[in-house]
file query05.csv (CSV, C-alpha atoms and all ligand atoms)
chain,number,residue,atom,x,y,z
A,1139,MET,CA,138.5,94.3,62.5
A,1140,LEU,CA,138.7,90.8,60.9
A,1141,ASP,CA,138.7,90.6,57.2
A,1142,ASP,CA,136.3,88.2,55.4
A,1143,LEU,CA,139.1,86.5,53.6
A,1144,THR,CA,140.9,85.4,56.7
A,1145,LEU,CA,137.7,84.0,58.1
A,1146,VAL,CA,136.6,82.2,55.0
A,1147,GLY,CA,140.1,80.8,54.5
A,1148,LEU,CA,139.7,78.9,57.8
A,1149,ARG,CA,136.4,77.4,56.7
A,1150,PRO,CA,137.8,74.2,55.1
A,1151,SER,CA,139.8,73.2,58.1
A,1152,LEU,CA,136.9,74.1,60.4
A,1153,VAL,CA,134.6,71.8,58.4
A,1154,ARG,CA,137.2,69.0,58.6
A,1155,PHE,CA,137.6,69.6,62.3
A,1156,CYS,CA,133.8,69.4,62.9
A,1157,LEU,CA,133.5,66.3,60.7
A,1158,LYS,CA,136.1,64.5,62.8
A,1159,MET,CA,134.3,65.5,66.0
A,1160,ILE,CA,130.8,64.6,65.0
A,1161,GLY,CA,131.1,62.4,61.9
A,1162,ASP,CA,128.3,64.0,59.9
A,1163,SER,CA,129.4,66.1,56.9
A,1164,ALA,CA,126.2,68.2,56.4
A,1165,LEU,CA,126.1,69.0,60.1
A,1166,ALA,CA,129.9,69.8,60.0
A,1167,GLU,CA,129.2,72.3,57.3
A,1168,ASP,CA,126.5,73.9,59.4
A,1169,ILE,CA,128.5,74.1,62.5
A,1170,ALA,CA,131.5,75.6,60.6
A,1171,GLN,CA,129.2,78.2,59.2
A,1172,GLU,CA,127.7,79.0,62.6
A,1173,THR,CA,131.3,79.2,64.0
A,1174,LEU,CA,132.3,81.8,61.3
A,1175,LEU,CA,129.2,83.8,62.1
A,1176,GLU,CA,129.8,83.7,65.8
A,1177,ALA,CA,133.4,84.7,65.3
A,1178,TRP,CA,132.3,87.6,63.1
A,1179,VAL,CA,129.8,88.8,65.7
A,1180,HIS,CA,132.1,88.4,68.7
A,1181,GLN,CA,135.4,89.5,67.0
A,1182,HIS,CA,135.9,92.3,69.6
A,1183,GLU,CA,136.5,89.6,72.2
A,1184,LEU,CA,139.6,88.4,70.3
A,1185,ARG,CA,142.5,90.5,71.8
A,1186,ASP,CA,145.4,88.9,70.0
A,1187,GLN,CA,144.9,88.5,66.2
A,1188,ALA,CA,147.7,85.9,66.2
A,1189,ARG,CA,145.4,83.6,68.2
A,1190,LEU,CA,142.6,83.8,65.7
A,1191,ALA,CA,142.8,80.2,64.5
A,1192,SER,CA,142.9,78.6,68.0
A,1193,TRP,CA,140.1,80.9,69.1
A,1194,MET,CA,137.9,79.8,66.2
A,1195,PHE,CA,138.7,76.1,66.7
A,1196,GLY,CA,137.7,76.7,70.4
A,1197,ILE,CA,134.3,78.0,69.3
A,1198,ALA,CA,133.8,75.1,66.8
A,1199,ARG,CA,134.8,72.6,69.5
A,1200,ASN,CA,132.3,74.0,72.0
A,1201,ARG,CA,129.5,73.9,69.4
A,1202,CYS,CA,130.4,70.3,68.5
A,1203,LEU,CA,130.5,69.3,72.2
A,1204,MET,CA,127.1,71.0,72.7
A,1205,TRP,CA,125.7,69.0,69.8
A,1206,LEU,CA,127.2,65.7,71.1
A,1207,ARG,CA,125.7,66.3,74.5
A,1208,GLN,CA,122.3,66.8,73.0
A,1209,GLN,CA,122.7,63.6,71.1
A,1210,LYS,CA,123.7,61.8,74.3
A,1211,HIS,CA,120.6,63.1,76.0
A,1212,HIS,CA,118.6,61.9,73.0
A,1213,ALA,CA,120.1,58.4,73.4
A,1214,THR,CA,119.2,58.1,77.0
A,1215,SER,CA,115.6,58.9,76.3
A,1216,ILE,CA,115.2,55.5,74.5
A,1217,SER,CA,114.1,53.9,77.8
A,1218,GLN,CA,110.9,56.0,77.6
A,1219,LEU,CA,109.9,54.6,74.3
A,1220,THR,CA,107.5,51.8,73.8
A,1221,GLN,CA,108.7,48.2,73.5
A,1222,GLY,CA,108.4,48.2,69.7
A,1223,GLU,CA,110.1,51.5,69.3
A,1224,ALA,CA,112.9,50.5,71.7
A,1225,GLU,CA,113.4,47.3,69.6
A,1226,THR,CA,113.8,49.3,66.4
A,1227,ALA,CA,116.1,51.8,68.2
A,1228,LEU,CA,118.3,48.9,69.5
A,1229,MET,CA,118.5,47.3,66.1
A,1230,SER,CA,119.6,50.5,64.4
A,1231,GLN,CA,121.9,51.3,67.3
A,1232,MET,CA,124.0,48.2,67.2
A,1233,ASP,CA,124.6,45.3,64.8
A,1234,LEU,CA,125.9,42.4,66.8
A,1235,GLU,CA,126.9,40.6,63.7
A,1236,GLN,CA,129.1,43.5,62.5
A,1237,ASP,CA,130.7,44.2,65.9
A,1238,LEU,CA,131.5,40.7,67.1
A,1239,GLU,CA,133.2,37.8,65.4
A,1240,ALA,CA,131.1,34.7,64.7
A,1241,LYS,CA,133.0,32.8,67.4
A,1242,GLU,CA,132.2,35.4,70.0
A,1243,ILE,CA,128.5,35.4,69.0
A,1244,ALA,CA,128.4,31.6,69.3
A,1245,GLU,CA,129.9,31.9,72.8
A,1246,LEU,CA,127.4,34.5,73.9
A,1247,LEU,CA,124.5,32.7,72.3
A,1248,GLU,CA,125.4,29.6,74.2
A,1249,HIS,CA,124.7,31.4,77.5
A,1250,ALA,CA,121.6,33.3,76.3
A,1251,LEU,CA,119.7,30.9,74.0
A,1252,ASP,CA,117.9,29.1,76.7
A,1253,THR,CA,116.1,32.2,77.7
A,1254,LEU,CA,114.8,33.0,74.2
A,1255,SER,CA,111.5,31.8,72.8
A,1256,PRO,CA,111.9,28.4,70.9
A,1257,ALA,CA,111.1,30.1,67.6
A,1258,MET,CA,113.8,32.7,68.0
A,1259,ARG,CA,116.2,30.2,69.3
A,1260,GLU,CA,115.8,28.0,66.2
A,1261,LEU,CA,116.2,30.9,63.9
A,1262,LEU,CA,119.5,32.0,65.5
A,1263,ILE,CA,120.8,28.5,65.6
A,1264,HIS,CA,120.1,28.1,61.9
A,1265,ARG,CA,121.8,31.4,61.1
A,1266,TYR,CA,124.8,31.2,63.4
A,1267,TYR,CA,125.5,27.5,64.1
A,1268,ASP,CA,124.3,26.1,60.7
A,1269,GLU,CA,125.4,29.3,59.0
A,1270,MET,CA,122.3,29.3,56.8
A,1271,SER,CA,121.7,32.4,54.7
A,1272,PRO,CA,118.5,34.4,55.3
A,1273,GLY,CA,117.5,33.1,51.8
A,1274,THR,CA,117.7,29.5,52.9
A,1275,ILE,CA,115.9,30.2,56.2
A,1276,ALA,CA,113.1,31.9,54.2
A,1277,ILE,CA,112.7,28.9,51.9
A,1278,GLN,CA,112.6,26.5,54.9
A,1279,ALA,CA,110.1,28.6,56.8
A,1280,LYS,CA,108.1,29.3,53.6
A,1281,ILE,CA,108.3,33.1,54.1
A,1282,SER,CA,109.8,35.9,52.1
A,1283,VAL,CA,113.5,36.8,52.4
A,1284,ALA,CA,112.4,40.2,53.8
A,1285,ALA,CA,110.3,38.6,56.4
A,1286,ALA,CA,113.1,36.2,57.4
A,1287,SER,CA,115.5,39.1,57.7
A,1288,MET,CA,113.0,41.0,59.8
A,1289,ARG,CA,112.6,38.0,62.1
A,1290,LEU,CA,116.4,37.6,62.4
A,1291,GLN,CA,116.7,41.3,63.4
A,1292,ARG,CA,114.0,40.8,66.0
A,1293,ALA,CA,115.7,37.7,67.4
A,1294,LYS,CA,119.0,39.5,67.5
A,1295,ALA,CA,117.4,42.5,69.3
A,1296,ALA,CA,115.8,40.1,71.8
A,1297,LEU,CA,119.1,38.3,72.4
A,1298,TYR,CA,120.8,41.7,72.9
A,1299,GLN,CA,118.2,42.6,75.5
A,1300,ILE,CA,118.8,39.4,77.4
A,1301,LEU,CA,122.6,39.7,77.1
A,1302,HIS,CA,122.4,43.3,78.2
A,1303,GLU,CA,120.2,42.5,81.2
A,1304,ASN,CA,122.5,39.7,82.3
A,1305,GLN,CA,125.6,41.7,81.7
A,1306,LYS,CA,126.8,39.0,79.4
A,1307,LEU,CA,127.9,41.6,76.9
A,1308,ASP,CA,130.3,43.2,79.3
A,1309,GLY,CA,133.8,42.8,78.0
A,1310,TYR,CA,132.6,42.5,74.4
A,1311,ILE,CA,130.5,45.6,73.7
A,1312,MET,CA,130.8,49.1,75.0
A,1313,LEU,CA,127.6,49.6,77.0
A,1314,SER,CA,126.2,53.1,76.8
A,1315,GLY,CA,125.3,54.7,80.1
A,1316,LYS,CA,128.2,53.1,81.9
A,1317,LYS,CA,130.5,55.6,83.6
A,1318,GLY,CA,134.2,55.1,84.2
A,1319,TRP,CA,136.5,52.2,83.0
A,1320,GLN,CA,134.9,49.1,81.5
A,1321,ASP,CA,136.7,45.8,81.5
A,1322,THR,CA,137.2,44.2,78.1
A,1323,HIS,CA,138.1,40.6,77.2
A,1324,LEU,CA,141.0,41.9,75.1
A,1325,TRP,CA,144.6,41.2,76.2
A,1326,CYS,CA,146.9,44.1,76.7
A,1327,PRO,CA,149.3,43.9,73.7
A,1328,HIS,CA,152.2,45.3,75.8
A,1329,CYS,CA,152.3,42.8,78.7
A,1330,GLY,CA,149.9,40.1,77.6
A,1331,GLN,CA,149.1,39.5,81.3
A,1332,HIS,CA,146.1,41.7,81.9
A,1333,HIS,CA,143.0,42.7,80.0
A,1334,LEU,CA,142.5,46.2,78.6
A,1335,SER,CA,140.0,48.6,80.1
A,1336,VAL,CA,138.2,51.2,78.0
A,1337,ARG,CA,136.6,54.5,79.0
A,1338,SER,CA,134.4,56.7,76.9
A,1339,THR,CA,134.1,60.5,77.1
A,1340,VAL,CA,132.1,62.7,74.9
A,1341,THR,CA,134.7,63.0,72.2
A,1342,GLU,CA,137.4,60.5,73.1
A,1343,LEU,CA,138.1,56.8,73.9
A,1344,HIS,CA,140.7,55.9,76.4
A,1345,PHE,CA,142.5,52.5,76.6
A,1346,ILE,CA,144.4,51.4,79.6
A,1347,CYS,CA,146.0,48.3,81.1
A,1348,PHE,CA,145.9,48.4,84.9
A,1349,GLY,CA,148.7,45.9,84.9
A,1350,CYS,CA,151.0,48.2,83.1
A,1351,VAL,CA,149.8,51.5,84.7
A,1352,PRO,CA,149.0,51.9,88.4
A,1353,ALA,CA,145.4,52.9,89.0
A,1354,SER,CA,146.5,56.2,90.7
A,1355,LEU,CA,147.9,57.4,87.4
A,1356,ALA,CA,145.0,56.2,85.2
A,1357,SER,CA,143.7,59.7,84.7
A,1358,THR,CA,146.9,60.9,83.1
A,1359,ILE,CA,148.3,57.8,81.4
A,1360,HIS,CA,146.2,56.2,78.9
A,1361,THR,CA,145.9,55.9,75.1
A,1362,THR,CA,143.6,58.6,73.9
A,1363,ILE,CA,141.9,58.3,70.5
A,1364,PRO,CA,139.4,60.8,69.1
A,1365,LYS,CA,136.1,59.1,69.1
A,1366,ALA,CA,135.2,60.3,65.6
A,1367,LEU,CA,137.8,57.9,64.2
A,1368,PHE,CA,135.9,54.9,65.5
A,1369,GLY,CA,132.6,55.6,63.7
A,1370,THR,CA,129.7,53.7,65.3
A,1371,ALA,CA,131.6,50.6,66.3
A,1372,LYS,CA,130.7,49.4,69.8
A,1373,GLY,CA,132.4,46.0,69.9
A,1374,TYR,CA,135.8,46.0,71.6
A,1375,LYS,CA,137.4,43.9,68.9
A,1376,ARG,CA,136.3,46.4,66.2
A,1377,LEU,CA,137.5,49.3,68.3
A,1378,LEU,CA,140.9,47.6,68.6
A,1379,SER,CA,141.1,47.2,64.9
A,1380,HIS,CA,140.2,50.9,64.4
A,1381,LEU,CA,143.0,51.6,66.9
A,1382,SER,CA,145.5,49.6,64.9
A,1383,ASP,CA,144.3,51.3,61.7
A,1384,TRP,CA,144.8,54.7,63.4
A,1385,LEU,CA,148.3,53.7,64.5
A,1386,ALA,CA,149.2,52.5,61.0
A,1387,GLY,CA,147.8,55.8,59.5
A,1388,ALA,CA,149.8,57.9,61.9
A,1389,TRP,CA,153.0,56.0,61.3
A,1390,ASN,CA,152.5,56.0,57.5
A,1391,GLY,CA,151.9,59.7,57.6
A,1392,MET,CA,155.1,60.2,59.6
A,1393,ARG,CA,157.0,58.0,57.1
A,1394,GLU,CA,155.7,59.7,54.0
A,1395,GLY,CA,156.0,63.2,55.4
A,1396,LEU,CA,152.2,63.7,55.3
A,1397,ARG,CA,152.1,64.8,58.9
A,1398,TYR,CA,148.7,65.8,60.1
A,1399,CYS,CA,146.8,66.3,63.3
A,1400,PRO,CA,144.2,63.5,63.9
A,1401,TYR,CA,141.7,66.1,65.2
A,1402,CYS,CA,141.7,69.0,62.8
A,1403,HIS,CA,144.0,67.6,60.0
A,1404,SER,CA,146.3,70.7,60.1
A,1405,SER,CA,149.8,69.8,59.3
A,1406,VAL,CA,152.0,69.1,62.3
A,1407,VAL,CA,155.7,68.3,62.7
A,1408,TRP,CA,156.6,64.9,64.3
A,1409,CYS,CA,159.7,65.1,66.4
A,1410,SER,CA,161.8,62.2,67.7
A,1411,GLN,CA,161.9,63.2,71.4
A,1412,PRO,CA,161.0,61.7,74.7
A,1413,PHE,CA,157.6,63.0,75.9
A,1414,SER,CA,156.8,63.5,79.5
A,1415,ILE,CA,153.8,62.2,81.4
A,1416,PRO,CA,153.2,63.3,84.9
A,1417,GLY,CA,154.5,60.9,87.5
A,1418,GLN,CA,156.3,58.7,85.0
A,1419,GLU,CA,159.8,58.6,83.5
A,1420,LEU,CA,160.3,60.2,80.2
A,1421,GLN,CA,158.7,58.0,77.5
A,1422,PRO,CA,160.8,57.4,74.4
A,1423,GLY,CA,159.0,58.0,71.1
A,1424,PHE,CA,157.7,60.6,68.8
A,1425,SER,CA,155.4,63.5,69.4
A,1426,ALA,CA,153.6,66.3,67.5
A,1427,ASP,CA,151.9,69.3,68.9
A,1428,CYS,CA,149.1,70.9,66.7
A,1429,GLU,CA,149.2,74.6,66.7
A,1430,GLN,CA,145.7,74.9,65.4
A,1431,CYS,CA,143.7,72.9,68.0
A,1432,ARG,CA,146.4,72.3,70.6
A,1433,PHE,CA,146.1,68.5,70.5
A,1434,SER,CA,149.3,66.7,71.2
A,1435,SER,CA,149.8,63.3,69.5
A,1436,TYR,CA,152.2,60.7,70.8
A,1437,LEU,CA,153.6,57.7,69.2
A,1438,SER,CA,155.6,55.5,71.5
A,1439,TRP,CA,158.1,53.0,70.2
A,1440,GLU,CA,155.7,50.2,71.0
A,1441,GLY,CA,153.0,52.2,69.1
A,1442,ILE,CA,155.2,52.2,66.0
A,1443,ILE,CA,155.8,48.5,66.4
A,1444,LEU,CA,152.0,47.9,66.7
A,1445,ALA,CA,151.5,50.0,63.5
A,1446,GLN,CA,153.4,47.5,61.3
A,1447,ALA,CA,151.3,45.3,59.1
A,1448,GLU,CA,153.3,42.2,60.0
A,1449,VAL,CA,152.9,42.9,63.7
A,1450,GLN,CA,149.1,43.5,63.2
A,1451,ARG,CA,148.7,40.2,61.4
A,1452,PHE,CA,150.6,38.5,64.2
A,1453,TRP,CA,148.4,40.2,66.8
A,1454,LEU,CA,145.3,39.0,65.0
A,1455,ARG,CA,146.7,35.4,65.0
A,1456,PHE,CA,147.9,35.6,68.6
A,1457,PRO,CA,145.6,37.9,70.5
A,1458,ARG,CA,147.6,37.3,73.7
A,1459,MET,CA,151.1,38.6,73.0
A,1460,GLN,CA,153.8,40.7,74.7
A,1461,ILE,CA,156.2,43.4,73.4
A,1462,VAL,CA,159.7,43.3,74.8
A,1463,LEU,CA,162.1,46.3,74.2
A,1464,GLU,CA,165.8,45.5,74.2
A,1465,GLN,CA,168.6,47.9,75.0
A,1466,GLU,CA,169.3,50.7,72.6
A,1467,ARG,CA,172.3,49.9,70.3
A,1468,GLU,CA,173.9,50.9,67.1
A,1469,ILE,CA,172.9,49.0,64.0
A,1470,ALA,CA,174.4,49.9,60.5
A,1471,GLY,CA,175.6,53.2,61.9
A,1472,GLN,CA,172.2,54.1,63.4
A,1473,ARG,CA,170.8,54.3,66.9
A,1474,ALA,CA,168.3,51.5,67.0
A,1475,VAL,CA,166.4,49.2,69.3
A,1476,VAL,CA,165.4,45.6,68.8
A,1477,VAL,CA,161.8,44.9,69.7
A,1478,THR,CA,160.5,41.3,70.1
A,1479,VAL,CA,156.8,40.6,69.8
A,1480,ARG,CA,156.0,37.2,71.2
A,1481,SER,CA,152.9,35.1,71.5
A,1482,ILE,CA,152.4,34.0,75.1
A,1483,PRO,CA,150.8,30.6,74.6
A,1484,THR,CA,153.1,29.6,71.7
A,1485,GLN,CA,156.7,30.0,70.8
A,1486,ALA,CA,155.9,32.3,67.8
A,1487,ARG,CA,157.6,35.7,67.6
A,1488,VAL,CA,158.4,38.6,65.4
A,1489,GLU,CA,161.6,40.6,65.8
A,1490,CYS,CA,161.6,44.2,64.7
A,1491,CYS,CA,164.6,46.5,64.4
A,1492,LEU,CA,163.5,50.1,64.9
A,1493,GLY,CA,165.8,53.0,63.8
A,1494,LEU,CA,165.3,55.7,66.4
A,1495,GLU,CA,166.2,58.8,64.5
A,1496,GLN,CA,163.3,58.7,62.0
A,1497,GLY,CA,161.2,55.9,63.5
A,1498,LYS,CA,162.0,53.7,60.5
A,1499,ILE,CA,161.7,50.0,60.7
A,1500,LEU,CA,165.1,48.7,59.6
A,1501,GLU,CA,164.1,45.0,59.5
A,1502,ILE,CA,161.3,42.6,60.5
A,1503,ILE,CA,162.0,38.9,61.0
A,1504,ALA,CA,159.3,36.4,61.9
A,1505,ARG,CA,160.5,33.4,63.8
A,1601,ZN,ZN,149.6,45.6,80.2
A,1602,ZN,ZN,144.9,69.9,65.4

call {"tool": "encode", "arguments": {"input": "query05.csv", "output": "structure tokens"}}
result
Amino acid sequence: MLDDLTLVGLRPSLVRFCLKMIGDSALAEDIAQETLLEAWVHQHELRDQARLASWMFGIARNRCLMWLRQQKHHATSISQLTQGEAETALMSQMDLEQDLEAKEIAELLEHALDTLSPAMRELLIHRYYDEMSPGTIAIQAKISVAAASMRLQRAKAALYQILHENQKLDGYIMLSGKKGWQDTHLWCPHCGQHHLSVRSTVTELHFICFGCVPASLASTIHTTIPKALFGTAKGYKRLLSHLSDWLAGAWNGMREGLRYCPYCHSSVVWCSQPFSIPGQELQPGFSADCEQCRFSSYLSWEGIILAQAEVQRFWLRFPRMQIVLEQEREIAGQRAVVVTVRSIPTQARVECCLGLEQGKILEIIAR
């Protein structure tokens, strides 16, 4: 017989877990509550009391997945809506302006403007080429600011539709309904020779470089990030910045001793040990296994380098860069490795000295 206190004690971490999975706090509370109830009703199915927590997280996980699947079904039913409804749905679903940089929007506009109506074209040119505020546009067109904003939204939605139909958004925005790997226009930060590909599952995003990883191993070797960490972003650039935030967070947590699982936020222990990936040599780096939800986190040496603020600024300035690991050696009595991050089109580079025992950065020099 389970006692109430044990169950209720798990509630806060269940809520956090559900929140991470579905990103809605009220709903997370509900699902956690349903999980407690289901556990109570089905407690006879739990044979080993020691596995209570992982059993309960399993229930919560299934409930979250079920909800996410229903949402997905809801999203695909958009095509059955009327034109007006579809437009509104599109507008709320994505905000081009937020997901893409002005430069990218300009590039995409170039291709698509010709197909838009003259009025919409003019509006978008005012907004994005002349960088007029909606207020200025309103004064010029002798309409209210609200009306100007509304027209802008419509023009953006129309533009999105055109870009979507012509597949011009491929590489910039994650397109829903597309299965498998999608090519992006982002350079792989490790080799700087190939573009990254992204794949979306119900709860996770996977990043891969097919230059660094042979296609036959793609299903086992990729960077996996819980989708909940990305919020609603659909632009690849934004996804990548979330990824670097996540890396920085994981590394900071490691450094400050606040070690937590990115899925359920239980505390975990990061160990400096090579981690094995099927079909590959042992990967040097750090790993942490979560005892609550069984998620294994890995932070490779390159991952730690990419987590550094200096390197992230460099990455932003030089989107096409390469990470070169040198031989392990001893620096100031510590096992260490020198990692060079260099821009491919220019001579710019940053040298990082990484202490291998604690994953500490011993020195960073920009050259
Ligand atoms: Zn690569
Ligand atoms: Zn966990």

call {"tool": "residues_near_point", "arguments": {"input": "query05.csv", "point": "(131.8, 63.9, 71.4)", "cutoff": "6 Å", "atoms": "only C-alpha atoms", "output": "MDAnalysis selection string"}}
result
chainID A and resid 1203 1206 1340:1341

call {"tool": "write_last_selection", "arguments": {"input": "query05.csv", "atoms": "C-alpha atoms", "output": "mmCIF file, in the coordinates of the input"}}
result
data_model
loop_
_atom_site.group_PDB
_atom_site.id
_atom_site.type_symbol
_atom_site.label_atom_id
_atom_site.label_comp_id
_atom_site.auth_asym_id
_atom_site.auth_seq_id
_atom_site.Cartn_x
_atom_site.Cartn_y
_atom_site.Cartn_z
ATOM 1 C CA LEU A 1203 130.500 69.300 72.200
ATOM 2 C CA LEU A 1206 127.200 65.700 71.100
ATOM 3 C CA VAL A 1340 132.100 62.700 74.900
ATOM 4 C CA THR A 1341 134.700 63.000 72.200
#

call {"tool": "residues_near_ligand", "arguments": {"input": "query05.csv", "ligand": "ligand ZN 1601 (chain A)", "cutoff": "9 Å", "atoms": "all atoms listed in the file", "output": "list in words"}}
result
Trp1325, Cys1326, Pro1327, His1328, Cys1329, Gly1330, Gln1331, His1332, His1333, Leu1334, Ile1346, Cys1347, Phe1348, Gly1349, Cys1350, Val1351 and Gln1460 of chain A

call {"tool": "write_last_selection", "arguments": {"input": "query05.csv", "atoms": "C-alpha atoms", "output": "tab-separated table (two decimals), in the frame of the given file"}}
result
chain	number	residue	atom	x	y	z
A	1325	TRP	CA	144.60	41.20	76.20
A	1326	CYS	CA	146.90	44.10	76.70
A	1327	PRO	CA	149.30	43.90	73.70
A	1328	HIS	CA	152.20	45.30	75.80
A	1329	CYS	CA	152.30	42.80	78.70
A	1330	GLY	CA	149.90	40.10	77.60
A	1331	GLN	CA	149.10	39.50	81.30
A	1332	HIS	CA	146.10	41.70	81.90
A	1333	HIS	CA	143.00	42.70	80.00
A	1334	LEU	CA	142.50	46.20	78.60
A	1346	ILE	CA	144.40	51.40	79.60
A	1347	CYS	CA	146.00	48.30	81.10
A	1348	PHE	CA	145.90	48.40	84.90
A	1349	GLY	CA	148.70	45.90	84.90
A	1350	CYS	CA	151.00	48.20	83.10
A	1351	VAL	CA	149.80	51.50	84.70
A	1460	GLN	CA	153.80	40.70	74.70

call {"tool": "closest_residue", "arguments": {"input": "query05.csv", "among": "A:Ala1191, A:Leu1355, A:Met1392, A:Ala1295", "to": "ligand ZN 1602 (chain A)", "atoms": "all atoms listed in the file"}}
result
A:Ala1191

call {"tool": "residues_around", "arguments": {"input": "query05.csv", "residues": "Gln1411 in chain A", "least_positions_apart": "4", "cutoff": "8 Å", "atoms": "only C-alpha atoms", "output": "ChimeraX atom specification"}}
result
/A:1422-1425

call {"tool": "closest_residue", "arguments": {"input": "query05.csv", "among": "A:Ala1276, A:Leu1500, A:Ala1293, A:Leu1174", "to": "Glu1260 in chain A", "atoms": "all atoms listed in the file"}}
result
A:Ala1293

call {"tool": "residues_around", "arguments": {"input": "query05.csv", "residues": "Glu1495 in chain A", "least_positions_apart": "5", "cutoff": "12 Å", "atoms": "only C-alpha atoms", "output": "PDB file with C-alpha atoms, in the frame of the given file"}}
result
ATOM      1  CA  ARG A1393     157.000  58.000  57.100  1.00  0.00           C
ATOM      2  CA  TRP A1408     156.600  64.900  64.300  1.00  0.00           C
ATOM      3  CA  CYS A1409     159.700  65.100  66.400  1.00  0.00           C
ATOM      4  CA  SER A1410     161.800  62.200  67.700  1.00  0.00           C
ATOM      5  CA  GLN A1411     161.900  63.200  71.400  1.00  0.00           C
ATOM      6  CA  PRO A1412     161.000  61.700  74.700  1.00  0.00           C
ATOM      7  CA  PRO A1422     160.800  57.400  74.400  1.00  0.00           C
ATOM      8  CA  GLY A1423     159.000  58.000  71.100  1.00  0.00           C
ATOM      9  CA  PHE A1424     157.700  60.600  68.800  1.00  0.00           C
ATOM     10  CA  TRP A1439     158.100  53.000  70.200  1.00  0.00           C
ATOM     11  CA  GLU A1466     169.300  50.700  72.600  1.00  0.00           C
ATOM     12  CA  GLU A1468     173.900  50.900  67.100  1.00  0.00           C
ATOM     13  CA  ILE A1469     172.900  49.000  64.000  1.00  0.00           C
ATOM     14  CA  GLY A1471     175.600  53.200  61.900  1.00  0.00           C
ATOM     15  CA  GLN A1472     172.200  54.100  63.400  1.00  0.00           C
ATOM     16  CA  ARG A1473     170.800  54.300  66.900  1.00  0.00           C
ATOM     17  CA  ALA A1474     168.300  51.500  67.000  1.00  0.00           C
ATOM     18  CA  VAL A1475     166.400  49.200  69.300  1.00  0.00           C
ATOM     19  CA  LEU A1500     165.100  48.700  59.600  1.00  0.00           C
TER      20      LEU A1500
END

call {"tool": "closest_residue", "arguments": {"input": "query05.csv", "among": "A:Lys1316, A:Asp1383, A:Ile1311, A:Tyr1436", "to": "Ile1359 in chain A", "atoms": "all atoms listed in the file"}}
result
A:Tyr1436

call {"tool": "closest_residue", "arguments": {"input": "query05.csv", "among": "A:Asp1427, A:Glu1245, A:Glu1448, A:Glu1440", "to": "ligand ZN 1602 (chain A)", "atoms": "all atoms listed in the file"}}
result
A:Asp1427
